[in-house]
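Text of the file protein_5.tsv, holding TSV, C-alpha atoms:
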chain	number	residue	atom	x	y	z
T	2	MET	CA	-21.79	165.90	95.92
T	3	ILE	CA	-22.16	162.29	94.87
T	4	ALA	CA	-22.20	159.01	96.80
T	5	GLN	CA	-22.29	155.37	95.80
T	6	LEU	CA	-22.06	151.98	97.52
T	7	PRO	CA	-21.39	150.00	94.34
T	8	MET	CA	-19.30	146.96	95.16
T	9	TYR	CA	-21.95	144.44	96.22
T	10	LEU	CA	-25.08	146.27	95.11
T	11	ARG	CA	-27.69	143.99	93.56
T	12	PRO	CA	-31.46	144.35	93.07
T	13	GLY	CA	-32.12	142.07	96.03
T	14	ASN	CA	-30.14	144.18	98.49
T	15	LEU	CA	-30.89	147.65	97.13
T	16	ALA	CA	-33.31	148.47	99.96
T	17	ALA	CA	-30.66	147.56	102.54
T	18	HIS	CA	-28.09	149.77	100.80
T	19	GLN	CA	-30.52	152.69	100.69
T	20	ALA	CA	-31.41	152.28	104.37
T	21	PHE	CA	-27.72	152.15	105.25
T	22	TRP	CA	-27.08	155.30	103.26
T	23	ALA	CA	-29.92	157.14	105.00
T	24	CYS	CA	-28.27	156.45	108.37
T	25	LEU	CA	-24.83	157.21	107.02
T	26	ARG	CA	-25.89	160.42	105.28
T	27	ASP	CA	-27.36	161.83	108.46
T	28	GLY	CA	-24.26	160.87	110.44
T	29	LEU	CA	-22.00	162.55	107.92
T	30	ARG	CA	-24.07	165.72	107.95
T	31	ASP	CA	-24.00	165.75	111.75
T	32	ARG	CA	-20.20	165.79	111.47
T	33	GLY	CA	-20.10	168.64	108.97
T	34	VAL	CA	-19.67	166.53	105.82
T	35	ASN	CA	-21.71	167.60	102.81
T	36	ALA	CA	-23.57	164.40	101.88
T	37	PRO	CA	-26.13	164.00	99.06
T	38	GLU	CA	-29.70	163.00	99.79
T	39	GLU	CA	-29.65	159.77	97.77
T	40	LEU	CA	-27.16	157.26	96.42
T	41	ASP	CA	-26.29	157.63	92.75
T	42	LEU	CA	-27.41	154.48	90.91
T	43	SER	CA	-26.62	155.55	87.36
T	44	GLU	CA	-23.03	156.68	86.88
T	45	ASP	CA	-20.21	154.15	86.42
T	46	TYR	CA	-18.29	153.76	89.66
T	47	ASP	CA	-14.88	154.21	88.03
T	48	ALA	CA	-16.01	157.60	86.71
T	49	VAL	CA	-17.28	158.56	90.17
T	50	TRP	CA	-13.90	157.76	91.74
T	51	ALA	CA	-12.37	160.56	89.65
T	52	ARG	CA	-14.93	163.22	90.55
T	53	GLN	CA	-13.92	166.21	92.65
T	54	ASP	CA	-17.32	166.17	94.39
T	55	LEU	CA	-17.05	162.57	95.60
T	56	CYS	CA	-18.54	162.21	99.04
T	57	LEU	CA	-18.30	158.44	99.46
T	58	SER	CA	-17.74	155.29	97.45
T	59	GLN	CA	-16.07	151.90	97.71
T	60	VAL	CA	-12.97	150.84	95.81
T	61	CYS	CA	-11.12	147.58	95.13
T	62	ASN	CA	-7.59	147.47	96.52
T	63	LEU	CA	-5.96	147.05	93.07
T	64	PRO	CA	-7.04	150.41	91.55
T	65	LEU	CA	-6.64	152.00	94.98
T	66	ARG	CA	-2.96	151.10	95.15
T	67	THR	CA	-2.23	151.88	91.48
T	68	LEU	CA	-4.22	154.37	89.38
T	69	LEU	CA	-6.01	156.02	92.29
T	70	LYS	CA	-3.25	156.05	94.90
T	71	ASP	CA	-3.05	159.85	95.03
T	72	ARG	CA	-6.62	160.61	93.96
T	73	LEU	CA	-8.64	159.11	96.80
T	74	THR	CA	-8.62	159.14	100.60
T	75	PRO	CA	-9.02	155.61	101.98
T	76	ILE	CA	-11.39	155.56	104.95
T	77	ALA	CA	-11.69	151.96	106.11
T	78	ALA	CA	-11.99	148.46	104.71
T	79	CYS	CA	-15.23	146.52	104.81
T	80	ASP	CA	-15.38	143.54	107.17
T	81	TYR	CA	-17.81	140.82	106.10
T	82	GLY	CA	-16.59	138.16	108.52
T	83	LEU	CA	-15.43	135.93	105.68
T	84	GLU	CA	-14.00	132.50	106.41
T	85	GLY	CA	-10.21	132.44	106.42
T	86	CYS	CA	-9.93	136.22	106.54
T	87	ALA	CA	-8.87	138.60	109.28
T	88	PRO	CA	-11.24	141.53	109.97
T	89	GLY	CA	-11.19	143.94	107.04
T	90	PHE	CA	-9.84	141.35	104.60
T	91	TYR	CA	-11.42	139.24	101.88
T	92	ARG	CA	-10.37	136.55	99.43
T	93	SER	CA	-11.55	134.98	96.21
T	94	LEU	CA	-12.90	131.51	95.59
T	95	PHE	CA	-11.80	129.17	92.81
T	96	VAL	CA	-15.06	128.10	91.17
T	97	VAL	CA	-15.48	125.31	88.60
T	98	ARG	CA	-18.55	123.74	87.06
T	99	ALA	CA	-19.98	120.87	89.10
T	100	ASP	CA	-18.83	118.27	86.55
T	101	HIS	CA	-15.30	119.65	86.14
T	102	PRO	CA	-12.58	117.16	87.12
T	103	ALA	CA	-10.44	119.62	89.12
T	104	MET	CA	-10.47	118.99	92.86
T	105	ARG	CA	-8.07	121.74	93.99
T	106	PRO	CA	-6.76	124.98	92.47
T	107	GLU	CA	-3.44	123.37	91.59
T	108	ASP	CA	-5.31	121.10	89.17
T	109	LEU	CA	-6.18	124.21	87.13
T	110	SER	CA	-2.64	125.03	86.05
T	111	GLY	CA	-2.83	126.05	82.39
T	112	ALA	CA	-6.65	126.04	82.43
T	113	ARG	CA	-8.91	128.69	80.87
T	114	MET	CA	-9.93	131.39	83.29
T	115	ALA	CA	-12.68	134.01	83.18
T	116	TYR	CA	-11.83	137.32	84.85
T	117	ASN	CA	-14.15	140.23	85.43
T	118	ASP	CA	-11.68	143.08	84.85
T	119	ALA	CA	-7.94	143.65	84.68
T	120	LEU	CA	-8.29	146.26	87.48
T	121	SER	CA	-10.06	143.85	89.82
T	122	HIS	CA	-7.94	142.31	92.55
T	123	SER	CA	-10.57	139.74	93.47
T	124	GLY	CA	-11.23	138.64	89.89
T	125	TRP	CA	-7.77	138.96	88.40
T	126	GLY	CA	-4.95	140.11	90.69
T	127	ALA	CA	-5.64	137.55	93.42
T	128	ALA	CA	-5.51	134.66	90.94
T	129	TRP	CA	-2.30	135.95	89.37
T	130	GLN	CA	-0.70	136.40	92.79
T	131	TRP	CA	-1.77	132.93	93.97
T	132	ALA	CA	-0.51	131.20	90.83
T	133	THR	CA	2.75	133.16	90.51
T	134	LYS	CA	3.63	132.41	94.10
T	135	ARG	CA	3.43	128.70	93.23
T	136	GLY	CA	5.08	128.84	89.83
T	137	LEU	CA	1.77	128.11	88.08
T	138	TRP	CA	-0.06	129.86	85.27
T	139	PHE	CA	-3.63	130.28	84.05
T	140	GLN	CA	-4.92	131.23	80.60
T	141	ALA	CA	-6.73	134.55	80.98
T	142	ALA	CA	-9.18	133.43	78.34
T	143	MET	CA	-12.22	135.67	78.79
T	144	LYS	CA	-12.93	139.13	80.16
T	145	THR	CA	-16.53	139.17	81.38
T	146	GLY	CA	-17.00	142.60	82.97
T	147	ALA	CA	-18.58	141.32	86.21
T	148	HIS	CA	-18.28	138.49	88.72
T	149	ILE	CA	-21.79	137.30	87.91
T	150	ALA	CA	-20.86	137.11	84.23
T	151	SER	CA	-17.75	135.10	85.13
T	152	LEU	CA	-19.96	132.68	87.05
T	153	GLU	CA	-22.25	132.40	84.03
T	154	ALA	CA	-19.24	131.66	81.80
T	155	VAL	CA	-18.19	128.82	84.11
T	156	VAL	CA	-21.68	127.32	84.15
T	157	ALA	CA	-21.90	127.57	80.35
T	158	GLY	CA	-18.59	125.76	79.95
T	159	ALA	CA	-17.00	128.69	78.11
T	160	VAL	CA	-14.06	128.55	80.55
T	161	ASP	CA	-12.74	126.09	83.09
T	162	PHE	CA	-12.96	128.33	86.12
T	163	ALA	CA	-13.16	131.79	87.60
T	164	VAL	CA	-11.98	133.37	90.83
T	165	ILE	CA	-14.90	135.14	92.47
T	166	ASP	CA	-14.91	137.52	95.41
T	167	ALA	CA	-16.15	135.50	98.40
T	168	GLN	CA	-18.70	138.14	99.41
T	169	SER	CA	-20.00	138.34	95.85
T	170	PHE	CA	-20.40	134.56	95.89
T	171	ARG	CA	-22.42	134.86	99.10
T	172	GLU	CA	-24.73	137.29	97.33
T	173	PHE	CA	-25.10	134.93	94.37
T	174	GLU	CA	-26.01	132.09	96.73
T	175	ILE	CA	-28.90	134.23	97.98
T	176	ASP	CA	-30.37	135.37	94.68
T	177	THR	CA	-29.31	133.05	91.85
T	178	ALA	CA	-29.45	129.30	91.23
T	179	LEU	CA	-26.15	129.44	89.32
T	180	THR	CA	-24.17	128.62	92.46
T	181	GLN	CA	-25.89	125.23	92.59
T	182	GLN	CA	-24.21	124.31	89.30
T	183	VAL	CA	-20.64	124.96	90.45
T	184	ARG	CA	-18.15	123.79	93.05
T	185	VAL	CA	-15.73	125.82	95.15
T	186	ILE	CA	-12.37	124.01	95.18
T	187	GLY	CA	-10.17	126.49	97.05
T	188	ALA	CA	-9.40	130.10	97.75
T	189	THR	CA	-6.73	132.71	97.17
T	190	GLU	CA	-4.80	134.44	99.91
T	191	ALA	CA	-6.61	137.19	101.79
T	192	SER	CA	-6.05	140.86	100.99
T	193	PRO	CA	-7.61	144.19	102.06
T	194	GLY	CA	-11.34	144.17	101.44
T	195	GLN	CA	-13.39	146.68	99.50
T	196	THR	CA	-12.43	150.04	100.96
T	197	PHE	CA	-14.68	153.00	101.67
T	198	CYS	CA	-13.13	156.11	100.16
T	199	THR	CA	-13.68	159.78	99.49
T	200	ARG	CA	-11.90	162.39	97.38
T	201	ALA	CA	-8.27	163.22	98.05
T	202	GLY	CA	-7.29	165.56	100.87
T	203	GLN	CA	-10.10	164.71	103.29
T	204	ASP	CA	-9.87	163.75	106.95
T	205	PRO	CA	-11.11	160.14	107.18
T	206	ALA	CA	-12.02	160.39	110.89
T	207	PRO	CA	-15.58	161.80	110.57
T	208	TYR	CA	-16.34	159.30	107.82
T	209	ARG	CA	-15.20	156.39	109.99
T	210	ALA	CA	-17.29	157.61	112.89
T	211	ALA	CA	-20.37	158.01	110.69
T	212	LEU	CA	-19.90	154.56	109.15
T	213	SER	CA	-19.60	152.87	112.55
T	214	GLU	CA	-22.62	154.74	113.88
T	215	ALA	CA	-24.70	153.89	110.79
T	216	LEU	CA	-23.98	150.18	111.18
T	217	GLU	CA	-24.98	150.34	114.84
T	218	THR	CA	-28.28	152.11	114.15
T	219	LEU	CA	-29.25	150.18	111.01
T	220	SER	CA	-32.07	147.69	111.52
T	221	THR	CA	-31.12	144.06	112.07
T	222	GLU	CA	-32.97	143.09	108.88
T	223	HIS	CA	-30.98	145.47	106.69
T	224	ARG	CA	-27.69	144.80	108.47
T	225	ASP	CA	-28.10	141.06	108.00
T	226	ARG	CA	-28.93	141.54	104.32
T	227	LEU	CA	-25.84	143.65	103.74
T	228	GLY	CA	-23.66	141.20	105.61
T	229	LEU	CA	-21.37	144.04	106.67
T	230	ARG	CA	-20.01	143.30	110.15
T	231	GLY	CA	-17.97	146.46	110.56
T	232	ILE	CA	-15.15	148.58	109.20
T	233	VAL	CA	-11.40	148.37	109.80
T	234	ALA	CA	-8.88	151.15	109.21
T	235	LEU	CA	-6.00	149.09	107.84
T	236	PRO	CA	-2.43	150.41	107.83
T	237	PRO	CA	-1.03	151.55	104.46
T	238	ALA	CA	1.39	148.62	104.49
T	239	ALA	CA	-1.55	146.21	104.16
T	240	TYR	CA	-2.13	147.53	100.65
T	241	GLU	CA	1.46	147.02	99.52
T	242	LEU	CA	0.80	144.06	97.25
T	243	PRO	CA	2.44	143.14	93.94
T	244	VAL	CA	0.81	144.66	90.87
T	245	PRO	CA	-0.26	142.06	88.29
T	246	PRO	CA	0.47	142.41	84.59
T	247	ALA	CA	-2.28	142.96	82.05
T	248	PRO	CA	-3.95	139.59	81.40
T	249	ALA	CA	-2.68	139.51	77.81
T	250	ASP	CA	0.88	139.98	79.07
T	251	TRP	CA	0.86	137.03	81.46
T	252	HIS	CA	2.62	134.18	79.69
T	253	LYS	CA	3.25	130.61	80.72
T	254	PRO	CA	6.49	130.48	82.73
T	255	THR	CA	9.35	128.36	81.47
T	256	GLU	CA	10.76	125.68	83.72
T	257	SER	CA	13.86	127.81	84.29
T	258	LEU	CA	11.69	130.53	85.83
T	259	ARG	CA	9.69	128.35	88.20
T	260	THR	CA	12.36	128.37	90.89
T	261	SER	CA	12.56	132.16	90.95
T	262	PHE	CA	8.74	132.41	91.09
T	263	ASN	CA	8.65	130.02	94.05
T	264	GLN	CA	11.20	132.17	95.88
T	265	THR	CA	9.20	135.37	95.39
T	266	ALA	CA	7.91	136.79	98.66
T	267	PHE	CA	4.30	137.92	98.78
Is it possible to express this structure as structure tokens?
Amino acid sequence: MIAQLPMYLRPGNLAAHQAFWACLRDGLRDRGVNAPEELDLSEDYDAVWARQDLCLSQVCNLPLRTLLKDRLTPIAACDYGLEGCAPGFYRSLFVVRADHPAMRPEDLSGARMAYNDALSHSGWGAAWQWATKRGLWFQAAMKTGAHIASLEAVVAGAVDFAVIDAQSFREFEIDTALTQQVRVIGATEASPGQTFCTRAGQDPAPYRAALSEALETLSTEHRDRLGLRGIVALPPAAYELPVPPAPADWHKPTESLRTSFNQTAF
């Protein structure tokens, strides 16, 4: 069996993740779930999602509702108590360099955007959804591979802005000075947060119980470092969001299309 907690893992919070897993592992085993001794820190998380021996991971809501819809069992969404978000939801922040003239996201229409991955809701889908709802458009100018790399691209002036997962930005505020060189000028709509998952065909109930118990028993120091307030089992309808196009396929809308975009319900 294999387990990962990959979504917000950074060197500075590794000890907290490992302590959380130790509590969680024991709780899973107490409930008859075969859980590995340690977290896997080497294999790519998208490869782990496809494994038949997946015990536990976390997944973004975009791949969960598209490529992995029938290949994973959603357990519960992470709740980080983010501003402007209901429990179990998150949103992304529009981030520009400190000297950029934009004062609100609407000022970025047509601007160059860095995105971490085309299968990331927080780094790509949320921006597309926000802009399309308003009849606006961004140039998907640079794929960076990670939120931290998108932040670096903004600071370097390689792009005008990026949309960065609000919890990731919290982590960057703790362990990098890059956030001092940027401004947050707005946020996307909220959507289901990073979701704990296991392989298809499993009963999520024992996993939810073990997760809740692990958070309760984890030390205050490690719980505060993780920032995880709790878990929320969201209804399937919460994940029914529009699927964005590939970045290269998103083209500037013509004026004749703006009205239909503005009437689209999200």
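In this model, the gap between CA of Leu137 in chain T and CA of Arg105 in chain T comes to 13.1 Å.
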Close residues, Met2 in chain T itself excluded, 10 Å, only C-alpha atoms, min 5 positions apart in chain, as a ChimeraX atom specification: /T:35-38,41,52-57
Residues of the last selection are to be written out with C-alpha atoms, as a PDB file, keeping the file's coordinate frame.
ATOM      1  CA  ASN T  35     -21.710 167.600 102.810  1.00  0.00           C
ATOM      2  CA  ALA T  36     -23.570 164.400 101.880  1.00  0.00           C
ATOM      3  CA  PRO T  37     -26.130 164.000  99.060  1.00  0.00           C
ATOM      4  CA  GLU T  38     -29.700 163.000  99.790  1.00  0.00           C
ATOM      5  CA  ASP T  41     -26.290 157.630  92.750  1.00  0.00           C
ATOM      6  CA  ARG T  52     -14.930 163.220  90.550  1.00  0.00           C
ATOM      7  CA  GLN T  53     -13.920 166.210  92.650  1.00  0.00           C
ATOM      8  CA  ASP T  54     -17.320 166.170  94.390  1.00  0.00           C
ATOM      9  CA  LEU T  55     -17.050 162.570  95.600  1.00  0.00           C
ATOM     10  CA  CYS T  56     -18.540 162.210  99.040  1.00  0.00           C
ATOM     11  CA  LEU T  57     -18.300 158.440  99.460  1.00  0.00           C
TER      12      LEU T  57
END
For Cys198 in chain T, which of T:Leu120, T:Leu69, T:Ile175, T:Cys24 is the closest residue, counting only C-alpha atoms? T:Leu69
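The smallest atom-to-atom distance between Ser151 in chain T and any of T:Asp47, T:Glu222, T:Glu174, T:Asp118, using only C-alpha atoms, is found for T:Asp118.
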Take the point (-13.4, 139.5, 80.8) as written in the file and pick out every residue within 6 Å of it, counting only C-alpha atoms; give the list as an NGL selection string. :T and (116-118 or 143-146)
Please identify all polymer residues within 8 Å of Glu190 in chain T, counting all atoms listed in the file, omitting same-chain residues fewer than 2 positions from it, and present them as a list in words.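 The residues that qualify are Arg92, Ser93, Ala127, Trp131, Ala188 and Ser192 of chain T.
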